[in-house]
Every structure is written in C-alpha cells, then in structure tokens.
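Listing of data-v7.cif, mmCIF, C-alpha atoms and all ligand atoms
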```cif
data_start
#
loop_
_atom_site.label_atom_id
_atom_site.label_comp_id
_atom_site.auth_asym_id
_atom_site.auth_seq_id
_atom_site.Cartn_x
_atom_site.Cartn_y
_atom_site.Cartn_z
CA MET A 54 15.37 -16.63 -13.38
CA PRO A 55 18.51 -14.81 -12.11
CA ASP A 56 19.68 -15.65 -8.61
CA TYR A 57 18.37 -12.57 -6.76
CA ARG A 58 19.64 -11.60 -3.31
CA SER A 59 17.52 -8.53 -2.49
CA ILE A 60 13.92 -7.88 -3.59
CA VAL A 61 11.76 -4.80 -3.01
CA ILE A 62 8.03 -5.23 -3.65
CA LEU A 63 5.57 -2.33 -3.95
CA THR A 64 1.86 -3.06 -3.79
CA GLY A 65 -1.17 -0.90 -4.48
CA ALA A 66 -4.93 -1.11 -4.31
CA GLY A 67 -5.05 -3.65 -7.15
CA ILE A 68 -3.67 -6.42 -4.92
CA SER A 69 -6.69 -6.02 -2.63
CA ALA A 70 -9.26 -5.66 -5.44
CA GLU A 71 -10.03 -9.41 -5.61
CA SER A 72 -10.70 -9.30 -1.87
CA GLY A 73 -13.51 -6.84 -2.58
CA LEU A 74 -11.84 -3.52 -1.65
CA ALA A 75 -12.40 -0.74 -4.18
CA THR A 76 -9.41 0.71 -5.99
CA PHE A 77 -9.05 4.49 -6.30
CA ARG A 78 -8.94 5.14 -10.03
CA GLY A 79 -10.93 2.29 -11.45
CA PRO A 80 -14.64 2.44 -12.47
CA ASP A 81 -15.51 2.04 -8.75
CA GLY A 82 -13.07 4.79 -7.78
CA LEU A 83 -15.49 7.46 -6.56
CA TRP A 84 -16.81 7.71 -3.01
CA GLU A 85 -20.13 9.56 -2.53
CA GLY A 86 -19.23 11.34 -5.76
CA HIS A 87 -15.87 12.53 -4.38
CA HIS A 88 -12.48 11.89 -5.95
CA VAL A 89 -10.11 10.50 -3.36
CA GLU A 90 -7.85 13.51 -3.97
CA ASP A 91 -10.65 15.73 -2.62
CA VAL A 92 -11.15 13.78 0.60
CA CYS A 93 -7.62 12.72 1.58
CA THR A 94 -6.09 16.14 2.24
CA PRO A 95 -5.32 18.16 5.41
CA GLN A 96 -7.50 20.93 3.94
CA ALA A 97 -10.50 18.59 3.57
CA LEU A 98 -9.99 17.40 7.17
CA ALA A 99 -9.98 21.01 8.42
CA ARG A 100 -12.88 22.06 6.16
CA ASP A 101 -15.18 19.07 6.66
CA PRO A 102 -13.95 16.70 9.40
CA GLU A 103 -17.29 14.83 9.42
CA LEU A 104 -16.86 13.90 5.71
CA VAL A 105 -13.23 12.81 6.04
CA HIS A 106 -13.80 10.80 9.24
CA ARG A 107 -16.87 9.16 7.68
CA PHE A 108 -14.79 8.19 4.60
CA TYR A 109 -12.27 6.36 6.79
CA ASP A 110 -14.86 4.95 9.21
CA GLU A 111 -16.61 3.29 6.27
CA ARG A 112 -13.35 1.89 4.85
CA ARG A 113 -12.28 0.67 8.32
CA ALA A 114 -15.66 -1.06 8.80
CA LYS A 115 -15.44 -2.62 5.32
CA LEU A 116 -12.12 -4.25 6.26
CA ALA A 117 -13.86 -6.51 8.77
CA GLN A 118 -16.02 -7.92 5.94
CA VAL A 119 -13.21 -8.93 3.54
CA GLU A 120 -10.47 -11.53 3.52
CA PRO A 121 -6.93 -11.63 2.07
CA ASN A 122 -6.65 -13.28 -1.34
CA ALA A 123 -4.19 -15.64 -3.03
CA ALA A 124 -1.84 -12.77 -3.89
CA HIS A 125 -1.50 -11.70 -0.24
CA ARG A 126 -0.93 -15.31 0.78
CA ALA A 127 1.67 -15.86 -1.96
CA LEU A 128 3.74 -12.89 -0.73
CA ALA A 129 3.57 -14.32 2.80
CA ARG A 130 4.89 -17.61 1.41
CA LEU A 131 7.74 -15.72 -0.27
CA GLU A 132 8.54 -13.99 3.04
CA ARG A 133 8.59 -17.37 4.84
CA GLU A 134 10.51 -19.45 2.30
CA TRP A 135 12.82 -17.13 0.36
CA GLN A 136 16.30 -16.78 1.89
CA GLY A 137 17.26 -13.38 0.46
CA GLU A 138 16.53 -9.83 1.68
CA LEU A 139 12.89 -8.78 1.16
CA LEU A 140 11.14 -5.47 1.77
CA LEU A 141 7.38 -5.31 1.20
CA VAL A 142 6.24 -1.71 0.81
CA THR A 143 2.52 -1.09 0.41
CA GLN A 144 0.58 2.01 -0.52
CA ASN A 145 -2.47 0.25 0.90
CA VAL A 146 -3.88 1.15 4.28
CA ASP A 147 -5.71 -2.15 4.71
CA ASP A 148 -4.34 -5.01 6.86
CA LEU A 149 -4.74 -7.75 4.25
CA HIS A 150 -0.98 -8.32 3.85
CA GLU A 151 -0.77 -8.96 7.60
CA ARG A 152 -3.90 -11.12 7.65
CA GLY A 153 -2.52 -13.00 4.65
CA GLY A 154 0.51 -13.94 6.77
CA CYS A 155 3.13 -11.26 6.11
CA GLY A 156 5.04 -10.28 9.26
CA GLN A 157 6.97 -7.27 7.95
CA VAL A 158 4.89 -4.74 6.01
CA LEU A 159 5.91 -1.12 5.46
CA HIS A 160 2.74 1.00 5.12
CA MET A 161 4.10 4.11 3.41
CA HIS A 162 0.64 5.75 3.29
CA GLY A 163 -0.40 4.81 6.84
CA GLU A 164 -2.98 2.32 8.14
CA LEU A 165 -6.77 2.33 8.54
CA LEU A 166 -6.47 0.45 11.86
CA SER A 167 -4.25 3.10 13.44
CA ALA A 168 -5.16 6.45 15.02
CA LEU A 169 -2.75 9.40 15.08
CA CYS A 170 -2.92 12.27 17.59
CA ALA A 171 -2.36 15.62 15.90
CA SER A 172 -1.33 17.00 19.30
CA CYS A 173 1.21 14.53 20.76
CA ASP A 174 1.93 12.46 17.61
CA GLY A 175 0.97 9.33 19.59
CA ARG A 176 -0.37 6.33 17.66
CA ARG A 177 -2.77 3.65 18.81
CA GLU A 178 -4.50 0.70 17.17
CA TRP A 179 -8.04 1.83 16.30
CA ARG A 180 -10.69 -0.59 14.98
CA ASP A 181 -13.94 1.32 15.57
CA ALA A 182 -15.50 4.50 14.27
CA MET A 183 -13.49 7.67 15.02
CA PRO A 184 -15.82 10.67 15.37
CA PRO A 185 -14.09 14.05 14.86
CA GLY A 186 -12.66 15.28 18.18
CA SER A 187 -12.09 11.77 19.59
CA ALA A 188 -9.82 11.88 22.65
CA CYS A 189 -6.24 10.69 22.30
CA PRO A 190 -5.64 7.66 24.59
CA VAL A 191 -2.10 8.96 25.19
CA CYS A 192 -2.46 12.71 25.96
CA ASP A 193 -6.29 12.99 26.14
CA ALA A 194 -6.33 15.88 23.63
CA ARG A 195 -9.42 15.77 21.41
CA ALA A 196 -7.16 15.67 18.34
CA LEU A 197 -7.31 12.13 16.93
CA ARG A 198 -7.19 11.69 13.16
CA PRO A 199 -6.89 8.64 10.93
CA ASP A 200 -3.23 7.58 10.73
CA ILE A 201 -3.29 8.11 6.97
CA VAL A 202 -0.74 10.04 4.89
CA PHE A 203 -2.83 12.65 3.08
CA PHE A 204 -1.98 14.16 -0.28
CA GLY A 205 0.67 16.80 0.30
CA GLU A 206 2.06 15.01 3.38
CA MET A 207 5.33 13.02 3.43
CA PRO A 208 4.90 9.24 3.17
CA TYR A 209 6.35 7.20 6.03
CA GLN A 210 9.88 5.68 6.17
CA MET A 211 11.04 7.11 2.84
CA ASP A 212 14.74 6.86 3.88
CA ARG A 213 14.36 3.16 4.58
CA ILE A 214 12.56 2.59 1.28
CA ASP A 215 15.16 4.55 -0.69
CA ALA A 216 18.04 2.62 0.91
CA ALA A 217 16.34 -0.70 0.08
CA LEU A 218 15.70 0.36 -3.53
CA ARG A 219 19.35 1.35 -3.97
CA ASN A 220 20.42 -2.05 -2.64
CA CYS A 221 17.98 -4.30 -4.48
CA ASP A 222 18.53 -6.41 -7.58
CA LEU A 223 14.83 -6.90 -8.25
CA PHE A 224 11.94 -4.43 -7.91
CA VAL A 225 8.40 -5.79 -8.34
CA SER A 226 5.34 -3.52 -8.62
CA ILE A 227 1.96 -5.18 -8.02
CA GLY A 228 -1.52 -3.66 -8.48
CA THR A 229 -0.70 0.03 -8.69
CA SER A 230 -1.51 2.59 -11.37
CA GLY A 231 1.76 4.47 -10.99
CA ALA A 232 -0.32 7.65 -10.65
CA VAL A 233 1.03 8.89 -7.29
CA TYR A 234 4.60 9.88 -6.36
CA PRO A 235 6.93 9.11 -4.70
CA ALA A 236 5.85 5.46 -5.11
CA ALA A 237 5.51 5.88 -8.88
CA GLY A 238 9.20 6.81 -9.05
CA PHE A 239 10.53 3.70 -7.26
CA VAL A 240 10.99 1.83 -10.52
CA GLN A 241 13.33 4.52 -11.80
CA THR A 242 15.50 4.35 -8.67
CA ALA A 243 15.67 0.57 -9.05
CA ARG A 244 16.65 0.85 -12.72
CA TYR A 245 19.26 3.47 -11.84
CA VAL A 246 21.07 0.94 -9.66
CA GLY A 247 20.79 -1.77 -12.27
CA ALA A 248 18.00 -3.84 -10.69
CA ASP A 249 15.62 -5.91 -12.77
CA THR A 250 12.08 -4.51 -12.72
CA LEU A 251 8.82 -6.45 -13.06
CA GLU A 252 5.23 -5.19 -13.11
CA LEU A 253 2.25 -7.43 -12.27
CA ASN A 254 -0.94 -5.49 -12.97
CA LEU A 255 -4.40 -5.79 -14.48
CA ASP A 256 -3.67 -2.99 -16.94
CA PRO A 257 -0.44 -1.24 -17.97
CA SER A 258 0.41 1.36 -15.31
CA ALA A 259 1.51 4.90 -16.08
CA GLY A 260 5.10 3.75 -15.62
CA SER A 261 4.87 0.50 -17.59
CA THR A 262 7.56 1.55 -20.06
CA TYR A 263 10.11 1.71 -17.20
CA PHE A 264 9.71 -2.00 -16.41
CA HIS A 265 11.91 -4.62 -18.04
CA GLU A 266 8.95 -6.99 -17.88
CA SER A 267 5.19 -6.39 -17.48
CA ARG A 268 2.69 -9.20 -16.93
CA MET A 269 -0.97 -8.23 -17.26
CA GLY A 270 -3.68 -10.06 -15.33
CA PRO A 271 -5.29 -10.36 -11.89
CA ALA A 272 -2.86 -10.39 -8.96
CA GLY A 273 -4.59 -13.46 -7.52
CA GLU A 274 -3.33 -15.42 -10.54
CA LEU A 275 -0.02 -13.68 -11.40
CA VAL A 276 1.52 -13.32 -7.92
CA PRO A 277 1.41 -17.02 -6.91
CA ILE A 278 2.94 -17.95 -10.29
CA TRP A 279 5.75 -15.41 -9.86
CA VAL A 280 6.45 -16.49 -6.26
CA GLU A 281 6.65 -20.12 -7.42
CA GLU A 282 9.22 -19.08 -10.05
CA VAL A 283 11.37 -17.25 -7.45
CA LEU A 284 11.25 -20.14 -4.99
CA ALA A 285 11.91 -22.77 -7.65
CA ASP A 286 15.50 -21.51 -8.07
N1 LIG B 1 -5.02 -7.44 -10.02
C1 LIG B 1 -3.96 -6.63 -10.33
N2 LIG B 1 -4.08 -5.30 -10.55
C2 LIG B 1 -5.32 -4.77 -10.46
C3 LIG B 1 -6.47 -5.54 -10.14
C4 LIG B 1 -6.28 -6.93 -9.91
N3 LIG B 1 -7.31 -7.73 -9.61
N4 LIG B 1 -7.54 -4.71 -10.13
C5 LIG B 1 -7.08 -3.47 -10.41
N5 LIG B 1 -5.76 -3.51 -10.63
C6 LIG B 1 -4.84 -2.41 -10.95
C7 LIG B 1 -5.45 -1.35 -11.83
O1 LIG B 1 -5.22 -1.68 -13.21
C8 LIG B 1 -4.67 -0.10 -11.42
O2 LIG B 1 -3.50 0.04 -12.21
O3 LIG B 1 -4.54 -1.77 -9.74
C9 LIG B 1 -4.26 -0.39 -9.98
C10 LIG B 1 -5.03 0.44 -8.96
O4 LIG B 1 -4.66 1.77 -9.17
P1 LIG B 1 -5.21 2.90 -8.15
O5 LIG B 1 -6.69 2.73 -7.99
O6 LIG B 1 -4.66 4.20 -8.66
O7 LIG B 1 -4.55 2.52 -6.76
P2 LIG B 1 -3.06 2.81 -6.31
O8 LIG B 1 -2.13 2.72 -7.46
O9 LIG B 1 -2.80 1.93 -5.14
O10 LIG B 1 -3.14 4.34 -5.79
C11 LIG B 1 -1.97 4.87 -5.25
O11 LIG B 1 -3.18 6.86 -4.63
O12 LIG B 1 -5.19 7.60 -3.86
C12 LIG B 1 -3.88 7.41 -3.50
O13 LIG B 1 -2.99 6.96 -1.39
C13 LIG B 1 -3.80 6.42 -2.38
O14 LIG B 1 -2.28 4.60 -2.07
C14 LIG B 1 -3.12 5.22 -3.01
C15 LIG B 1 -2.34 5.82 -4.15
#
```
If you convert what's in this file into structure tokens, what do you get?
Ligand code: APR
Amino acid sequence: MPDYRSIVILTGAGISAESGLATFRGPDGLWEGHHVEDVCTPQALARDPELVHRFYDERRAKLAQVEPNAAHRALARLEREWQGELLLVTQNVDDLHERGGCGQVLHMHGELLSALCASCDGRREWRDAMPPGSACPVCDARALRPDIVFFGEMPYQMDRIDAALRNCDLFVSIGTSGAVYPAAGFVQTARYVGADTLELNLDPSAGSTYFHESRMGPAGELVPIWVEEVLAD
C-alpha cells in the first residue's frame, strides 16, 4: 500500500443500502412508480409540491428507523486514526455518516434533515414533516423546501471538492453507480493529477474502467477491510 498523504472519498446510496435505505437505480429504485429524476427537480416541486414534499417527508421519517452500518463506522475510524488529509464527500442526503461517527462530511447533494428557504436562502435543521408552504423560521416567508440539490441545480461546495481532488493522491469511490455528474467525473480529475483510484461497489459502476482497482462486494465488508489496510501502514 503506497504511503498516501491526501485521500478523497466519494460515497453514494450503496453505502447506506445495508442500513436499509433504498438506492436509486437498483431493483428497489422506484418510489410510488416514479423515477427519482421525475421527483427531484425544480419543475416537479413547482408542478406538484405535495408529491415532492411527501417524497422527502417519507425519506426523512425512514431515517429515524435505520442505523449506520459497518462501512459508515469504518470511515469514522479512518477519520479518527489516519494522520493524512481526508475529505469525505457524499452524494447521500442521509445522516448515517455523521451517526456512524464522522465529524466532517461534505453533502454535495444536500441533506434530508435540513430545510432551505427559497426566499431568504436561510437553512435550519428540520426533522419533521415539511408541508408545502411551511414558514421559514428565519424570515417567516412560506417558502421552505427540502435542502436537497435537485437535478439541474448546482451541487454544493464544488470548488472545495475540485481543489481536494486536484491535491489528492488517492480517490476512493464507494457505493455509487457513476450515473450522475459531476460526481461521476471525479475519478477522471483524480487520474488527471496522477492519483491512485479505487472503487468499492456491489456491481461495476458506469465509470469502472477509469479506476486502477475495483473491488466488488457489499460496502459493509469491503470498507472495513480497506480502512484496515490504510491504517496498517
Ligand atoms: N455495497 C456497496 N455498493 C452497493 C450496495 C452495497 N451493499 N448496494 C448497492 N450498491 C451499489 C449499486 O451497485 C450501485 O452501483 O450502489 C450503487 C447505487 O447507485 P444509485 O442507486 O445510482 O445511487 P447513487 O450512485 O448514489 O446515485 C447518485 O443520483 O438520484 C441521484 O442525487 C441522487 O445522489 C444520488 C445520485
């Protein structure tokens, strides 16, 4: 194992699958017969706010019934024990990385447990249902929406992610299909700067060929093994 100094990790829905949260494009990937691409858009929110708010209310409520798994806990161990630079970027909007013990998590697609005001841009922790037209606790406008990055919107903190990718010597992708950009392009940025690239996934992702190494299997098994390897050096 080379002596890495800077690691960027990208996680997707697959890391939370063993906790019982549905992925987007697997056999369980439909919600009430809708593709996620049809529900998670600004147009869908404008056209049918009840449907979109219900989609997120149900996923927010589901979070309270699930627990982090061994993969989440292994990344928290890496964060605690590894001495190099580490950036954990997740496409997931659940809080399982945090509940698994990670202190620094970059949610590039937003968070289920956060509410965003479309009027004042204020954000607040939000753990309950959010009926359409809920009042913003900051400016009182009835303009609260889930703090989720919809298709067609810019993911959060892209400059910070890009800088970390250009400075890393290892990029690890865990539990993502590589179906959605810009996250799906991170591996190419890492390769461009000469970083090693590793994929830990149940099935080969769309970008598998870009990875120097791909290990197939459940994250709950693969991630603790990989973390042990990194810490053993
Ligand atoms: N362990 C590891 N990988 C797994 C597991 C598991 N137990 N179960 C499923 N996977 C893998 C699947 O093989 C698949 O490649 O996780 C991936 C899940 O892919 P998606 O459902 O497409 O989820 P993700 O890649 O996170 O989607 C990216 O798309 O819908 C948008 O914004 C949403 O953040 C999401 C983005």
ask   = What lies within 8 Å of region 60-63 of chain A using all atoms listed in the file, ignoring chain neighbours under 6 positions off, as a list in words?
value =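 The residues satisfying every condition are Gly137, Glu138, Leu139, Leu140, Leu141, Val142, Thr143, Gln144, Ala217, Leu218, Cys221, Asp222, Leu223, Phe224, Val225, Ser226, Ile227 and Ala236 of chain A.
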key: Near-ligand residues for ligand LIG 1 (chain B), threshold 7 Å, only C-alpha atoms and all ligand atoms, as a VMD selection string   = chain A and resid 64 to 68 70 to 71 76 to 79 82 89 to 90 144 to 145 162 227 to 233 253 to 258 270 to 273
inquiry  = From the options A:Cys173, A:Leu104, A:Leu166, A:Leu74, which residue's atoms come nearest to His87 (chain A), counting only C-alpha atoms?
reply    =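 Using only C-alpha atoms, the shortest distance to His87 (chain A) belongs to A:Leu104.
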d(CA of Ala237 (chain A), CA of Gly260 (chain A)) in Å = 7.1 Å
request  = For CA of Ala114 (chain A) and CA of Trp179 (chain A), determine how far apart the two atoms are, in Å to one decimal place.
outcome  =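 Atom-to-atom, CA of Ala114 (chain A) and CA of Trp179 (chain A) are spaced 11.1 Å apart.
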task = Select, counting only C-alpha atoms, all protein, DNA and RNA residues no farther than 6 Å from (9.0, -22.2, -3.1) in file coordinates, and express the selection as a PyMOL selection string.
result = chain A and resi 281+284-285
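Take the candidates A:Arg195, A:His150, A:Arg133, A:His106 and check each one against Ser69 (chain A) using all atoms listed in the file; the shortest distance goes to A:His150.
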